[in-house]
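Asker: Just dropping this structure here.
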Amino acid sequence: QVQLVESGGGLVQPGGSLRLSCAASGGSVNSYTVGWFRQAPGKEREFVAAIAWSGGSTDYVDSVKERATISRDVAKNMVYLQLNSLKPEDTAVYFCAAKARFDSAWLFRAPAVYTYWGQGTQVTVSS
């Protein structure tokens with residue numbers, strides 16, 4: 001059973017940057033496709049980015065594609081989401097999620113696919 005713990009959220013001004021971290025235990029990140037999702041108050045959970053378990057492919061929602069980078073450090077068993085040029089509409093709770101050896105890239109964006117979820121980290125973009 002994989003446990004996921006997010007960190008790195010906080011209050012940042014528009015135009016600023018954050019690096020969110022997802023620490024995994026109970027399994028290696030190179031055996032799991034990991035996705036980042038976010039949920040703003042009153043809205044549904046939204047896909048942000050994903051990295052395949054093979055490390056060979058990534059996917060981003062269009063609204064962050066030019067501003068975000070998902071990466072992983074297998075040695076540290078961590079997955080990161082770097083967010084740049086943050087906007088107020090990026091304000092949300094950000095969650096990481098994982099599913100073992102999942103290759104169906106057309107489903108990376110579906111929250112229901114993922115087996116394990118972290119508790120989330122709050123990102124607030126405001127001046």
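Just remember, in the structure tokens the first chain shown is A, the second B, etc., residues are 1-based per chain, and ligands are 1-based in the order shown.
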Could you list, as number ranges by chain, every residue within 8 Å of region 84-95 of chain A, counting only C-alpha atoms and ignoring same-chain residues fewer than 4 positions away?
Answerer: A: 6, 12-18, 36-41, 67-68, 117-126
Asker: What does the file look like for those residues with N, CA, C and O atoms, as a JSON list (two decimals), in the first residue's frame?
Answerer:
```json
[["chain", "number", "residue", "atom", "x", "y", "z"],
["A", 6, "GLU", "N", 1.87, 15.21, 0.34],
["A", 6, "GLU", "CA", 2.22, 16.41, -0.41],
["A", 6, "GLU", "C", 2.77, 17.49, 0.53],
["A", 6, "GLU", "O", 2.40, 17.55, 1.70],
["A", 12, "VAL", "N", 1.48, 32.66, -2.32],
["A", 12, "VAL", "CA", 2.44, 33.23, -3.25],
["A", 12, "VAL", "C", 1.77, 34.34, -4.05],
["A", 12, "VAL", "O", 0.56, 34.28, -4.31],
["A", 13, "GLN", "N", 2.53, 35.33, -4.41],
["A", 13, "GLN", "CA", 1.98, 36.43, -5.20],
["A", 13, "GLN", "C", 1.82, 36.01, -6.67],
["A", 13, "GLN", "O", 2.56, 35.14, -7.15],
["A", 14, "PRO", "N", 0.91, 36.65, -7.36],
["A", 14, "PRO", "CA", 0.79, 36.37, -8.81],
["A", 14, "PRO", "C", 2.13, 36.57, -9.49],
["A", 14, "PRO", "O", 2.85, 37.53, -9.21],
["A", 15, "GLY", "N", 2.44, 35.65, -10.39],
["A", 15, "GLY", "CA", 3.72, 35.68, -11.07],
["A", 15, "GLY", "C", 4.82, 34.88, -10.37],
["A", 15, "GLY", "O", 5.89, 34.66, -10.95],
["A", 16, "GLY", "N", 4.56, 34.47, -9.16],
["A", 16, "GLY", "CA", 5.54, 33.71, -8.40],
["A", 16, "GLY", "C", 5.58, 32.24, -8.79],
["A", 16, "GLY", "O", 4.87, 31.80, -9.71],
["A", 17, "SER", "N", 6.41, 31.50, -8.07],
["A", 17, "SER", "CA", 6.61, 30.08, -8.35],
["A", 17, "SER", "C", 6.53, 29.26, -7.07],
["A", 17, "SER", "O", 6.80, 29.77, -5.98],
["A", 18, "LEU", "N", 6.18, 28.01, -7.25],
["A", 18, "LEU", "CA", 6.20, 27.04, -6.15],
["A", 18, "LEU", "C", 6.64, 25.71, -6.71],
["A", 18, "LEU", "O", 6.36, 25.38, -7.87],
["A", 36, "TRP", "N", -0.93, 14.76, -10.64],
["A", 36, "TRP", "CA", -1.27, 15.88, -9.78],
["A", 36, "TRP", "C", -2.65, 16.39, -10.19],
["A", 36, "TRP", "O", -2.92, 16.58, -11.38],
["A", 37, "PHE", "N", -3.48, 16.62, -9.19],
["A", 37, "PHE", "CA", -4.81, 17.17, -9.39],
["A", 37, "PHE", "C", -4.99, 18.36, -8.47],
["A", 37, "PHE", "O", -4.23, 18.53, -7.50],
["A", 38, "ARG", "N", -5.97, 19.17, -8.75],
["A", 38, "ARG", "CA", -6.28, 20.28, -7.86],
["A", 38, "ARG", "C", -7.78, 20.46, -7.75],
["A", 38, "ARG", "O", -8.53, 20.08, -8.65],
["A", 39, "GLN", "N", -8.17, 21.03, -6.62],
["A", 39, "GLN", "CA", -9.59, 21.27, -6.40],
["A", 39, "GLN", "C", -9.75, 22.62, -5.71],
["A", 39, "GLN", "O", -9.24, 22.83, -4.60],
["A", 40, "ALA", "N", -10.45, 23.50, -6.39],
["A", 40, "ALA", "CA", -10.77, 24.81, -5.83],
["A", 40, "ALA", "C", -12.12, 24.73, -5.14],
["A", 40, "ALA", "O", -12.94, 23.85, -5.45],
["A", 41, "PRO", "N", -12.40, 25.63, -4.21],
["A", 41, "PRO", "CA", -13.68, 25.61, -3.50],
["A", 41, "PRO", "C", -14.86, 25.65, -4.46],
["A", 41, "PRO", "O", -14.90, 26.48, -5.37],
["A", 67, "ARG", "N", 3.63, 26.46, -18.07],
["A", 67, "ARG", "CA", 4.07, 27.00, -16.78],
["A", 67, "ARG", "C", 4.43, 25.93, -15.77],
["A", 67, "ARG", "O", 4.83, 26.26, -14.65],
["A", 68, "ALA", "N", 4.26, 24.67, -16.13],
["A", 68, "ALA", "CA", 4.44, 23.61, -15.15],
["A", 68, "ALA", "C", 5.39, 22.55, -15.67],
["A", 68, "ALA", "O", 5.48, 22.30, -16.88],
["A", 117, "TRP", "N", -4.17, 8.29, -2.95],
["A", 117, "TRP", "CA", -4.23, 9.74, -2.92],
["A", 117, "TRP", "C", -3.59, 10.27, -1.65],
["A", 117, "TRP", "O", -3.68, 9.65, -0.59],
["A", 118, "GLY", "N", -2.96, 11.42, -1.79],
["A", 118, "GLY", "CA", -2.48, 12.13, -0.63],
["A", 118, "GLY", "C", -3.57, 13.02, -0.05],
["A", 118, "GLY", "O", -4.69, 13.07, -0.57],
["A", 119, "GLN", "N", -3.23, 13.74, 1.00],
["A", 119, "GLN", "CA", -4.20, 14.58, 1.70],
["A", 119, "GLN", "C", -4.29, 15.99, 1.12],
["A", 119, "GLN", "O", -5.23, 16.72, 1.41],
["A", 120, "GLY", "N", -3.31, 16.35, 0.31],
["A", 120, "GLY", "CA", -3.37, 17.64, -0.37],
["A", 120, "GLY", "C", -2.54, 18.72, 0.31],
["A", 120, "GLY", "O", -2.25, 18.65, 1.51],
["A", 121, "THR", "N", -2.17, 19.72, -0.47],
["A", 121, "THR", "CA", -1.47, 20.89, 0.03],
["A", 121, "THR", "C", -2.10, 22.13, -0.59],
["A", 121, "THR", "O", -2.37, 22.15, -1.79],
["A", 122, "GLN", "N", -2.33, 23.13, 0.23],
["A", 122, "GLN", "CA", -3.04, 24.33, -0.24],
["A", 122, "GLN", "C", -2.09, 25.27, -0.96],
["A", 122, "GLN", "O", -1.01, 25.60, -0.44],
["A", 123, "VAL", "N", -2.50, 25.72, -2.12],
["A", 123, "VAL", "CA", -1.80, 26.76, -2.86],
["A", 123, "VAL", "C", -2.74, 27.94, -3.00],
["A", 123, "VAL", "O", -3.85, 27.80, -3.51],
["A", 124, "THR", "N", -2.29, 29.09, -2.52],
["A", 124, "THR", "CA", -3.07, 30.32, -2.63],
["A", 124, "THR", "C", -2.25, 31.36, -3.36],
["A", 124, "THR", "O", -1.13, 31.68, -2.94],
["A", 125, "VAL", "N", -2.79, 31.86, -4.44],
["A", 125, "VAL", "CA", -2.11, 32.87, -5.25],
["A", 125, "VAL", "C", -2.88, 34.17, -5.08],
["A", 125, "VAL", "O", -4.01, 34.31, -5.56],
["A", 126, "SER", "N", -2.26, 35.11, -4.41],
["A", 126, "SER", "CA", -2.95, 36.36, -4.10],
["A", 126, "SER", "C", -1.93, 37.44, -3.78],
["A", 126, "SER", "O", -0.87, 37.16, -3.22]]
```
Asker: Tell me which of A:Gly35, A:Gly55, A:Ser71, A:Asp62 sits closest to Ala112 (chain A), counting only C-alpha atoms.
Answerer: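 Of all the options, A:Gly35 lies closest to Ala112 (chain A).
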Asker: If you run DSSP on the backbone, which residues of region 64-94 of chain A are strand (DSSP E or B), as a list in words?
Answerer: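 Taking region 64-94 of chain A and keeping strand (DSSP E or B) gives Ala68, Thr69, Ile70, Ser71, Arg72, Asp73, Met78, Val79, Tyr80, Leu81, Gln82, Leu83, Ala92, Val93 and Tyr94 of chain A.
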Asker: Determine, for each residue of region 16-91 of chain A having at least one atom at most 9 Å from an atom of region 102-109 of chain A, the closest pair of atoms and their separation in Å to one decimal, counting only C-alpha atoms; order by chain and ascending number, as a tab-separated table.
Answerer:
```
residue	atom	partner	partner_atom	distance
A:Ser31	CA	A:Phe102	CA	8.7
A:Tyr32	CA	A:Phe102	CA	6.8
A:Thr33	CA	A:Phe102	CA	5.8
A:Val34	CA	A:Phe108	CA	8.6
A:Gly35	CA	A:Phe108	CA	7.2
A:Phe37	CA	A:Arg109	CA	8.6
A:Glu46	CA	A:Arg109	CA	8.2
A:Phe47	CA	A:Arg109	CA	5.4
A:Val48	CA	A:Arg109	CA	7.9
A:Ala49	CA	A:Arg109	CA	7.8
A:Ala50	CA	A:Phe108	CA	6.5
A:Ile51	CA	A:Phe108	CA	8.5
A:Ala52	CA	A:Asp103	CA	6.8
A:Trp53	CA	A:Phe102	CA	6.8
A:Ser54	CA	A:Asp103	CA	8.5
A:Ser57	CA	A:Ala105	CA	8.4
A:Thr58	CA	A:Ala105	CA	8.7
A:Asp59	CA	A:Phe108	CA	7.7
A:Tyr60	CA	A:Arg109	CA	8.7
A:Val61	CA	A:Arg109	CA	8.4
```
Asker: Any chance you could export the current selection's N, CA and C atoms as a PDB file, in the first residue's frame?
Answerer:
```
ATOM      1  N   SER A  31       7.372   2.546 -10.155  1.00  0.00           N
ATOM      2  CA  SER A  31       6.381   1.500 -10.395  1.00  0.00           C
ATOM      3  C   SER A  31       4.963   2.057 -10.473  1.00  0.00           C
ATOM      4  N   TYR A  32       4.838   3.384 -10.386  1.00  0.00           N
ATOM      5  CA  TYR A  32       3.523   4.013 -10.338  1.00  0.00           C
ATOM      6  C   TYR A  32       3.445   5.189 -11.300  1.00  0.00           C
ATOM      7  N   THR A  33       2.363   5.276 -12.016  1.00  0.00           N
ATOM      8  CA  THR A  33       2.030   6.521 -12.690  1.00  0.00           C
ATOM      9  C   THR A  33       1.493   7.471 -11.637  1.00  0.00           C
ATOM     10  N   VAL A  34       2.040   8.672 -11.594  1.00  0.00           N
ATOM     11  CA  VAL A  34       1.656   9.654 -10.581  1.00  0.00           C
ATOM     12  C   VAL A  34       1.055  10.871 -11.265  1.00  0.00           C
ATOM     13  N   GLY A  35      -0.081  11.266 -10.746  1.00  0.00           N
ATOM     14  CA  GLY A  35      -0.748  12.454 -11.261  1.00  0.00           C
ATOM     15  C   GLY A  35      -0.881  13.511 -10.196  1.00  0.00           C
ATOM     16  N   PHE A  37      -3.480  16.622  -9.189  1.00  0.00           N
ATOM     17  CA  PHE A  37      -4.810  17.167  -9.387  1.00  0.00           C
ATOM     18  C   PHE A  37      -4.986  18.357  -8.469  1.00  0.00           C
ATOM     19  N   GLU A  46      -9.658  18.661 -10.595  1.00  0.00           N
ATOM     20  CA  GLU A  46      -9.176  18.888 -11.954  1.00  0.00           C
ATOM     21  C   GLU A  46      -7.778  18.316 -12.132  1.00  0.00           C
ATOM     22  N   PHE A  47      -7.577  17.639 -13.246  1.00  0.00           N
ATOM     23  CA  PHE A  47      -6.255  17.136 -13.586  1.00  0.00           C
ATOM     24  C   PHE A  47      -5.305  18.290 -13.864  1.00  0.00           C
ATOM     25  N   VAL A  48      -4.053  18.144 -13.400  1.00  0.00           N
ATOM     26  CA  VAL A  48      -3.030  19.151 -13.666  1.00  0.00           C
ATOM     27  C   VAL A  48      -1.902  18.569 -14.506  1.00  0.00           C
ATOM     28  N   ALA A  49      -1.330  17.457 -14.044  1.00  0.00           N
ATOM     29  CA  ALA A  49      -0.180  16.869 -14.746  1.00  0.00           C
ATOM     30  C   ALA A  49      -0.020  15.419 -14.308  1.00  0.00           C
ATOM     31  N   ALA A  50       0.680  14.641 -15.125  1.00  0.00           N
ATOM     32  CA  ALA A  50       0.964  13.255 -14.773  1.00  0.00           C
ATOM     33  C   ALA A  50       2.295  12.840 -15.383  1.00  0.00           C
ATOM     34  N   ILE A  51       2.932  11.881 -14.726  1.00  0.00           N
ATOM     35  CA  ILE A  51       4.145  11.286 -15.257  1.00  0.00           C
ATOM     36  C   ILE A  51       3.967   9.774 -15.211  1.00  0.00           C
ATOM     37  N   ALA A  52       4.229   9.127 -16.322  1.00  0.00           N
ATOM     38  CA  ALA A  52       4.037   7.687 -16.416  1.00  0.00           C
ATOM     39  C   ALA A  52       5.050   6.938 -15.561  1.00  0.00           C
ATOM     40  N   TRP A  53       4.682   5.738 -15.145  1.00  0.00           N
ATOM     41  CA  TRP A  53       5.552   4.959 -14.274  1.00  0.00           C
ATOM     42  C   TRP A  53       6.896   4.670 -14.929  1.00  0.00           C
ATOM     43  N   SER A  54       6.917   4.566 -16.232  1.00  0.00           N
ATOM     44  CA  SER A  54       8.173   4.344 -16.947  1.00  0.00           C
ATOM     45  C   SER A  54       9.045   5.595 -16.980  1.00  0.00           C
ATOM     46  N   SER A  57       6.821   9.428 -20.335  1.00  0.00           N
ATOM     47  CA  SER A  57       5.848  10.373 -20.870  1.00  0.00           C
ATOM     48  C   SER A  57       5.231  11.197 -19.763  1.00  0.00           C
ATOM     49  N   THR A  58       4.862  12.397 -20.126  1.00  0.00           N
ATOM     50  CA  THR A  58       4.182  13.305 -19.210  1.00  0.00           C
ATOM     51  C   THR A  58       2.972  13.894 -19.920  1.00  0.00           C
ATOM     52  N   ASP A  59       2.074  14.441 -19.129  1.00  0.00           N
ATOM     53  CA  ASP A  59       0.870  15.055 -19.675  1.00  0.00           C
ATOM     54  C   ASP A  59       0.521  16.248 -18.800  1.00  0.00           C
ATOM     55  N   TYR A  60       0.001  17.304 -19.425  1.00  0.00           N
ATOM     56  CA  TYR A  60      -0.364  18.516 -18.701  1.00  0.00           C
ATOM     57  C   TYR A  60      -1.704  19.025 -19.200  1.00  0.00           C
ATOM     58  N   VAL A  61      -2.460  19.595 -18.294  1.00  0.00           N
ATOM     59  CA  VAL A  61      -3.666  20.304 -18.722  1.00  0.00           C
ATOM     60  C   VAL A  61      -3.226  21.575 -19.445  1.00  0.00           C
TER      61      VAL A  61
END
```
